[in-house]
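The structure under discussion appears below in the form of structure tokens.
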Amino acid sequence: MAAPMFPANAHRYDPYRTFKFQVVINGKAVAGLSKMGALKKTTEVVNWRAAGDPSHQRAMPGGTKFENVTLEQGLSHDPVFEEWANSVNNVGEGDAGMSLVNFRRDVVVNVMNLQGTPAISYHLRRAWVTEYQALPEFDANNMNTIGIQSITLAYEGFVRDAAVAEPAEA
């Protein structure tokens with residue numbers, strides 16, 4: 001018999017949906033967040049052969065890489081993306097424009113159940129902005145698009161927050 005997918009909610013069979021999520025940067029939820037890329041890590045494979053066994057190749061883990069993640073926000077007056085991007089490299093100020101204190105930040109990603117309660121939480125360690133898009137491409141002929149700004153983050157790993165347990169659902 002397979003292990004239950006939801007131990008606290010045995011009646012539940014459906015996985016969590018991807019449209020209910022929250023991103024928190026430095027303790028503040030990001031307003032108007034519409035999309036986030038996947039958290040992904042890849043470990044290189046190191047192949048080797050023993051001298052006494054040249055016909056059999058072995059594999060062992062090498063270095064691990066965490067792929068950059070992009071956050072998209074509806075164009076608004078929330079300055080969180082711009083302020084963070086400027087702390088990494090403030091144009092016109094040279095090296096003096098970089099904040100050695102504030103350019104790396106902790107990011108929390110909360111996956112919510114349909115009632116809006118955090119069900120799964122991950123922490124991105126020591127994240128910083130590698131790319132910032134302040135304004136989208138504009139097109140006066142298309143009235144059905146929404147302005148999106150985005151940041152791309154590099155980070156030094158992610159860990160699941162074991163303190164965020166599966167919430168009991170009614």
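A note on labels: chains of the structure tokens are A, B, ... as shown, every chain counts residues from 1, and ligands are counted from 1 in their shown order.
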
| task | Enumerate, as number ranges by chain, the complete set of residues in chain A that a backbone-based DSSP assignment places in helix (DSSP H, G or I). | result | A: 80-88, 94-97

| What is the CA of Gly157 in chain A-CA of Arg104 in chain A distance in Å, reported with one decimal? | 12.7 Å

| query | If you run DSSP on this backbone, which residues of chain A come out as strand (DSSP E), and could you give them as an MDAnalysis selection string? | reply | chainID A and resid 21:25 28:29 33:36 41:50 53:66 69:74 105:112 118:133 148:154 158:160

| task | Grab the CA of Lys40 in chain A to CA of Asn89 in chain A distance for me, in Å with one decimal place. | result | 25.9 Å
